[in-house]
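Student: Dropping a structure here in structure tokens format, bear with me for questions.
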Amino acid sequence: MKLSFRWFGTGHDSITIEQIRQIPGMKGVITTLYDIPPGDVWPIERIRAIKEEVENAGLKILGIESVNIHDAIKAGLPDRDMYIENYIRTLERLGSCGIDVVCYNFMPVFDWIRSDLAKPRDDGSTVLSYDQDIIDRIDPMKIFKTMDSASNGFVLPGWEPERLAHIKELFEIYSDVDAEKLFENMVYFLKAIMPTCEKYGIKMAVHPDDPAWPIFGLPRIIINLENLSRLFEAVDSPCNGVTLCTGSLASNPDNDIPAIIRALKGRIHFAHVRNLKYLGHRKFDESAHLSEDGSLDMFEIMKALYDIGFEGPLRPDHGRAIWGEKGMPGYGLFDRALGAVYLNGLWEAITKMDRLEHR
Ligand code: DNO
């Protein structure tokens with residue numbers, strides 16, 4: 001695996017690329033052009049500029065998170081082909097710059113959702129948290145305000161204010177889109193982009209829906225092994241893969257993450273590894289990465305990735321807010337750096353144990 005760190009780019013992140021470079025073992029960043037709205041073609045000179053910025057700091061771009069998908073594509077609107085063409089143009093430009101992992105999601109209207117972005121813990125840190133009872137009491141027309149007002153002044157990934165200003169219209173375009181239709185639209189999109197991905201060697205890595213169940217009456221389909229396997233059968237190209245996000249998939253405790261990793265060998269192009277703590281039905285807090293701090297066994301997860309020969313980028317995911325840091329919720333430097341070092345330590349131990357056993 002290649003250890004990486006999410007970076008939203010200069011001007012969009014509280015963290016600098018130089019800080020990321022000082023985390024031991026860091027090989028590169030996962031970045032994006034944060035200000036480009038979904039649907040627009042990415043300007044080649046902007047791609048080149050961010051690549052140069054990252055490389056000047058001694059790191060590499062190991063993947064893009066995300067090239068977001070326009071709602072017309074997800075909802076299957078008549079103008080989707082134009083947006084798919086734009087997406088293909090962006091992929092060609094990324095591919096020509098040697099960028100070969102692209103993370104995206106296929107969640108209607110909203111990206112990831114939490115009911116609290118700064119829940120205090122006994123240790124004095126704060127964490128992201130989800131409680132279905134609270135979500136059920138929130139008017140979906142107003143959830144943007146709830147998330148945005150708690151974001152420490154940052155634009156949260158996938159929560160673009162310009163797009164969500166049209167929330168009513170967004171809900172309307174999905175009014176006749178059920179899970180089956182959404183799946184068909186996803187297959188249509190993937191079939192259209194696969195030739196370009198294959199030409200440039202770009203591995204598409206769909207991010208699981210977070211949390212992994214339908215919200216506000218909107219369908220969510222990237223929620224379990226069964227649906228992922230169906231997707232890989234429907235568009236059977238090695239470039240059609242997944243971002244194995246442990247925290248998103250494991251929001252549903254029925255999802256056995258190490259088993260899913262083993263079953264998806266060859267289709268995992270990117271890994272987000274983080275922990276969470278179950279508090280009840282559809283209720284969880286995110287936690288520190290350490291196994292004993294949450295409900296997931298990080299050793300088993302890393303071991304499964306090792307066993308399938310995972311060679312893609314792997315990054316720590318949401319961290320707690322600790323040591324007084326005021327960053328983007330989930331995306332501060334300190335706890336994610338601790339997470340990175342811990343995951344790297346597990347990897348070293350697993351690798352060396354394996355060598356010892358085969359001596
Ligand atoms: C949230 C992230 C998501 C993710 C997108 C991928 O913290 O995990 O916003 O980046 O869903 O497109």
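Chain identifiers are assigned as A, B, and so on, following the order in which chains appear in the structure tokens; residues are numbered from 1 within each chain, and ligands are numbered from 1 in order of appearance.
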I need the residues in range 172-339 of chain A that are helix (DSSP H, G or I) according to DSSP; give them as a PyMOL selection string.

Tutor: chain A and resi 172-173+179-200+225-234+246-249+257-263+291-293+298-307+334-339

Student: Please build the interface table for chain A against ligand 1 with a cut-off of 6 Å, listing for each qualifying residue the nearest atom pair and the distance in Å to one decimal; count only C-alpha atoms and all ligand atoms, order rows by chain and increasing number, and write it as a Markdown table.

Tutor:
| residue | atom | partner | partner_atom_place_in_ligand_line | distance |
| --- | --- | --- | --- | --- |
| A:Glu65 | CA | ligand 1 | 10 (O) | 5.7 |
| A:Ser66 | CA | ligand 1 | 12 (O) | 4.8 |
| A:Cys103 | CA | ligand 1 | 12 (O) | 5.6 |
| A:Tyr104 | CA | ligand 1 | 12 (O) | 3.6 |
| A:Asn105 | CA | ligand 1 | 12 (O) | 4.1 |
| A:Asp111 | CA | ligand 1 | 11 (O) | 5.4 |
| A:Trp112 | CA | ligand 1 | 1 (C) | 5.6 |
| A:Pro157 | CA | ligand 1 | 9 (O) | 4.6 |
| A:Gly158 | CA | ligand 1 | 9 (O) | 5.1 |
| A:His207 | CA | ligand 1 | 6 (C) | 5.1 |

Student: Using only C-alpha atoms, determine which residues lie at most 8 Å from range 127-138 of chain A, disregarding the query and same-chain residues fewer than 6 positions distant; provide the list as a list in words.

Tutor: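 Selected residues are Ile113, Arg114, Ser115, Asp116, Leu117, Ala118, Lys119, Pro120, Arg121, Phe216, Arg282, Lys283, Phe284, Asp285, Glu286, Ser287, Gly319, Arg320, Ala321, Pro329 and Gly330 of chain A.
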
Student: Looking only at strand (DSSP E or B) from DSSP on the backbone, list the matching residues of range 133-260 of chain A as a list in words.

Tutor: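 After running DSSP on the backbone, range 133-260 of chain A has strand (DSSP E or B) at Lys203, Met204, Ala205, Val206, His207, Ile215, Leu218, Asn240, Gly241, Val242, Thr243, Leu244 and Cys245 of chain A.
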
Student: Based on the selection just made, write N, CA and C atoms of those residues as a PDB file, in the first residue's frame.

Tutor:
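What landed in out_9.pdb:
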ATOM      1  N   LYS A 203      -8.074   4.095 -12.619  1.00  0.00           N
ATOM      2  CA  LYS A 203      -8.909   3.200 -11.820  1.00  0.00           C
ATOM      3  C   LYS A 203      -9.973   4.022 -11.106  1.00  0.00           C
ATOM      4  N   MET A 204     -11.211   3.788 -11.480  1.00  0.00           N
ATOM      5  CA  MET A 204     -12.328   4.479 -10.826  1.00  0.00           C
ATOM      6  C   MET A 204     -12.636   3.763  -9.522  1.00  0.00           C
ATOM      7  N   ALA A 205     -12.829   4.540  -8.459  1.00  0.00           N
ATOM      8  CA  ALA A 205     -13.014   3.944  -7.136  1.00  0.00           C
ATOM      9  C   ALA A 205     -14.233   4.572  -6.459  1.00  0.00           C
ATOM     10  N   VAL A 206     -15.364   3.895  -6.593  1.00  0.00           N
ATOM     11  CA  VAL A 206     -16.584   4.481  -6.020  1.00  0.00           C
ATOM     12  C   VAL A 206     -16.512   4.444  -4.497  1.00  0.00           C
ATOM     13  N   HIS A 207     -16.897   5.562  -3.907  1.00  0.00           N
ATOM     14  CA  HIS A 207     -16.917   5.651  -2.443  1.00  0.00           C
ATOM     15  C   HIS A 207     -18.249   5.115  -1.935  1.00  0.00           C
ATOM     16  N   ILE A 215     -31.388   7.658   2.981  1.00  0.00           N
ATOM     17  CA  ILE A 215     -31.632   8.774   3.898  1.00  0.00           C
ATOM     18  C   ILE A 215     -32.654   9.715   3.259  1.00  0.00           C
ATOM     19  N   LEU A 218     -34.253   9.129  -0.072  1.00  0.00           N
ATOM     20  CA  LEU A 218     -33.424   9.026  -1.286  1.00  0.00           C
ATOM     21  C   LEU A 218     -32.719   7.669  -1.280  1.00  0.00           C
ATOM     22  N   ASN A 240     -13.101  -0.539 -13.068  1.00  0.00           N
ATOM     23  CA  ASN A 240     -14.309  -0.255 -12.288  1.00  0.00           C
ATOM     24  C   ASN A 240     -14.140  -0.851 -10.889  1.00  0.00           C
ATOM     25  N   GLY A 241     -13.765  -0.008  -9.946  1.00  0.00           N
ATOM     26  CA  GLY A 241     -13.481  -0.515  -8.604  1.00  0.00           C
ATOM     27  C   GLY A 241     -14.079   0.347  -7.513  1.00  0.00           C
ATOM     28  N   VAL A 242     -13.573   0.106  -6.304  1.00  0.00           N
ATOM     29  CA  VAL A 242     -14.179   0.736  -5.133  1.00  0.00           C
ATOM     30  C   VAL A 242     -13.111   1.406  -4.268  1.00  0.00           C
ATOM     31  N   THR A 243     -13.537   2.437  -3.557  1.00  0.00           N
ATOM     32  CA  THR A 243     -12.758   2.971  -2.447  1.00  0.00           C
ATOM     33  C   THR A 243     -13.238   2.212  -1.224  1.00  0.00           C
ATOM     34  N   LEU A 244     -12.377   1.390  -0.666  1.00  0.00           N
ATOM     35  CA  LEU A 244     -12.809   0.607   0.484  1.00  0.00           C
ATOM     36  C   LEU A 244     -12.759   1.530   1.695  1.00  0.00           C
ATOM     37  N   CYS A 245     -13.887   2.148   2.002  1.00  0.00           N
ATOM     38  CA  CYS A 245     -13.950   3.056   3.151  1.00  0.00           C
ATOM     39  C   CYS A 245     -14.544   2.281   4.326  1.00  0.00           C
TER      40      CYS A 245
END

Student: At a cut-off of 12 Å, using only C-alpha atoms, what residues contact Asn227 in chain A? Leave out same-chain residues fewer than 3 positions from it and give the result as a ChimeraX atom specification.

Tutor: /A:179-180,182-183,186,208-209,212,220-224,230-234,242,249,255,260,264

Student: The selected residues should be written to file as an mmCIF file, in the first residue's frame (atoms: N, CA and C atoms).

Tutor:
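That gives us result.cif:
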data_model
loop_
_atom_site.group_PDB
_atom_site.id
_atom_site.type_symbol
_atom_site.label_atom_id
_atom_site.label_comp_id
_atom_site.auth_asym_id
_atom_site.auth_seq_id
_atom_site.Cartn_x
_atom_site.Cartn_y
_atom_site.Cartn_z
ATOM 1 N N ALA A 179 -33.928 2.783 -6.167
ATOM 2 C CA ALA A 179 -32.604 2.145 -6.115
ATOM 3 C C ALA A 179 -32.252 1.496 -7.458
ATOM 4 N N GLU A 180 -33.240 0.885 -8.113
ATOM 5 C CA GLU A 180 -32.987 0.194 -9.374
ATOM 6 C C GLU A 180 -32.603 1.180 -10.469
ATOM 7 N N LEU A 182 -31.365 4.158 -10.029
ATOM 8 C CA LEU A 182 -30.054 4.731 -9.696
ATOM 9 C C LEU A 182 -28.940 3.780 -10.149
ATOM 10 N N PHE A 183 -29.161 2.499 -9.930
ATOM 11 C CA PHE A 183 -28.180 1.498 -10.361
ATOM 12 C C PHE A 183 -28.007 1.543 -11.885
ATOM 13 N N MET A 186 -26.046 4.463 -12.921
ATOM 14 C CA MET A 186 -24.635 4.299 -12.593
ATOM 15 C C MET A 186 -23.939 3.417 -13.640
ATOM 16 N N PRO A 208 -18.211 4.266 -0.909
ATOM 17 C CA PRO A 208 -19.485 3.755 -0.381
ATOM 18 C C PRO A 208 -20.341 4.886 0.191
ATOM 19 N N ASP A 209 -21.627 4.654 0.203
ATOM 20 C CA ASP A 209 -22.562 5.636 0.746
ATOM 21 C C ASP A 209 -22.389 5.685 2.262
ATOM 22 N N ALA A 212 -24.520 3.786 5.331
ATOM 23 C CA ALA A 212 -24.828 2.821 4.281
ATOM 24 C C ALA A 212 -26.294 2.403 4.273
ATOM 25 N N ARG A 220 -29.946 4.766 -1.680
ATOM 26 C CA ARG A 220 -28.480 4.635 -1.580
ATOM 27 C C ARG A 220 -28.153 3.194 -1.933
ATOM 28 N N ILE A 221 -27.217 3.005 -2.840
ATOM 29 C CA ILE A 221 -26.998 1.643 -3.367
ATOM 30 C C ILE A 221 -25.601 1.080 -3.115
ATOM 31 N N ILE A 222 -24.619 1.950 -2.851
ATOM 32 C CA ILE A 222 -23.256 1.423 -2.648
ATOM 33 C C ILE A 222 -23.104 1.176 -1.144
ATOM 34 N N ILE A 223 -23.789 0.125 -0.699
ATOM 35 C CA ILE A 223 -23.955 -0.060 0.744
ATOM 36 C C ILE A 223 -23.505 -1.432 1.257
ATOM 37 N N ASN A 224 -23.237 -2.375 0.361
ATOM 38 C CA ASN A 224 -22.839 -3.710 0.842
ATOM 39 C C ASN A 224 -22.138 -4.502 -0.273
ATOM 40 N N ARG A 230 -22.603 -6.823 -7.731
ATOM 41 C CA ARG A 230 -23.517 -6.664 -8.867
ATOM 42 C C ARG A 230 -23.004 -5.577 -9.821
ATOM 43 N N LEU A 231 -22.488 -4.517 -9.232
ATOM 44 C CA LEU A 231 -21.959 -3.418 -10.049
ATOM 45 C C LEU A 231 -20.745 -3.884 -10.858
ATOM 46 N N PHE A 232 -19.882 -4.678 -10.223
ATOM 47 C CA PHE A 232 -18.670 -5.126 -10.918
ATOM 48 C C PHE A 232 -18.990 -6.152 -11.995
ATOM 49 N N GLU A 233 -20.068 -6.889 -11.795
ATOM 50 C CA GLU A 233 -20.500 -7.808 -12.856
ATOM 51 C C GLU A 233 -21.107 -7.034 -14.022
ATOM 52 N N ALA A 234 -21.882 -6.010 -13.688
ATOM 53 C CA ALA A 234 -22.574 -5.243 -14.740
ATOM 54 C C ALA A 234 -21.578 -4.480 -15.609
ATOM 55 N N VAL A 242 -13.573 0.106 -6.304
ATOM 56 C CA VAL A 242 -14.179 0.736 -5.133
ATOM 57 C C VAL A 242 -13.111 1.406 -4.268
ATOM 58 N N LEU A 249 -18.737 1.819 5.116
ATOM 59 C CA LEU A 249 -19.379 0.505 4.991
ATOM 60 C C LEU A 249 -19.753 -0.074 6.352
ATOM 61 N N ASN A 255 -22.024 -5.398 7.783
ATOM 62 C CA ASN A 255 -20.931 -5.439 6.802
ATOM 63 C C ASN A 255 -19.631 -5.872 7.491
ATOM 64 N N ILE A 260 -15.316 -8.494 3.314
ATOM 65 C CA ILE A 260 -15.598 -7.723 2.087
ATOM 66 C C ILE A 260 -14.290 -7.460 1.332
ATOM 67 N N LEU A 264 -13.399 -8.705 -2.485
ATOM 68 C CA LEU A 264 -13.269 -7.718 -3.570
ATOM 69 C C LEU A 264 -11.841 -7.587 -4.100
#

Student: Skip range 315-318 of chain A itself and residues of its chain fewer than 2 positions away, then list as an MDAnalysis selection string all residues within 7 Å of it, counting only C-alpha atoms.

Tutor: chainID A and resid 3:5 271:274 313 320 330:331 336 339:340

Student: Work out how far apart CA of Gly9 in chain A and CA of Asn86 in chain A are and give it in Å to one decimal.

Tutor: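 These atoms are spaced 22.2 Å apart.
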
Student: What does the distance between CA of Ile268 in chain A and CA of Phe310 in chain A come to in Å, to one decimal place?

Tutor: 7.5 Å

Student: What does the structure give for the distance between CA of Ala72 in chain A and CA of Asp35 in chain A, in Å to one decimal?

Tutor: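 Rounded to one decimal, the two atoms are 19.2 Å apart.
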
Student: Considering only C-alpha atoms, can you say which of A:Asp293, A:Asp13, A:Glu55, A:Glu311 comes closest to Arg267 in chain A?

Tutor: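 Nearest candidate to Arg267 in chain A out of A:Asp293, A:Asp13, A:Glu55, A:Glu311: A:Glu311.
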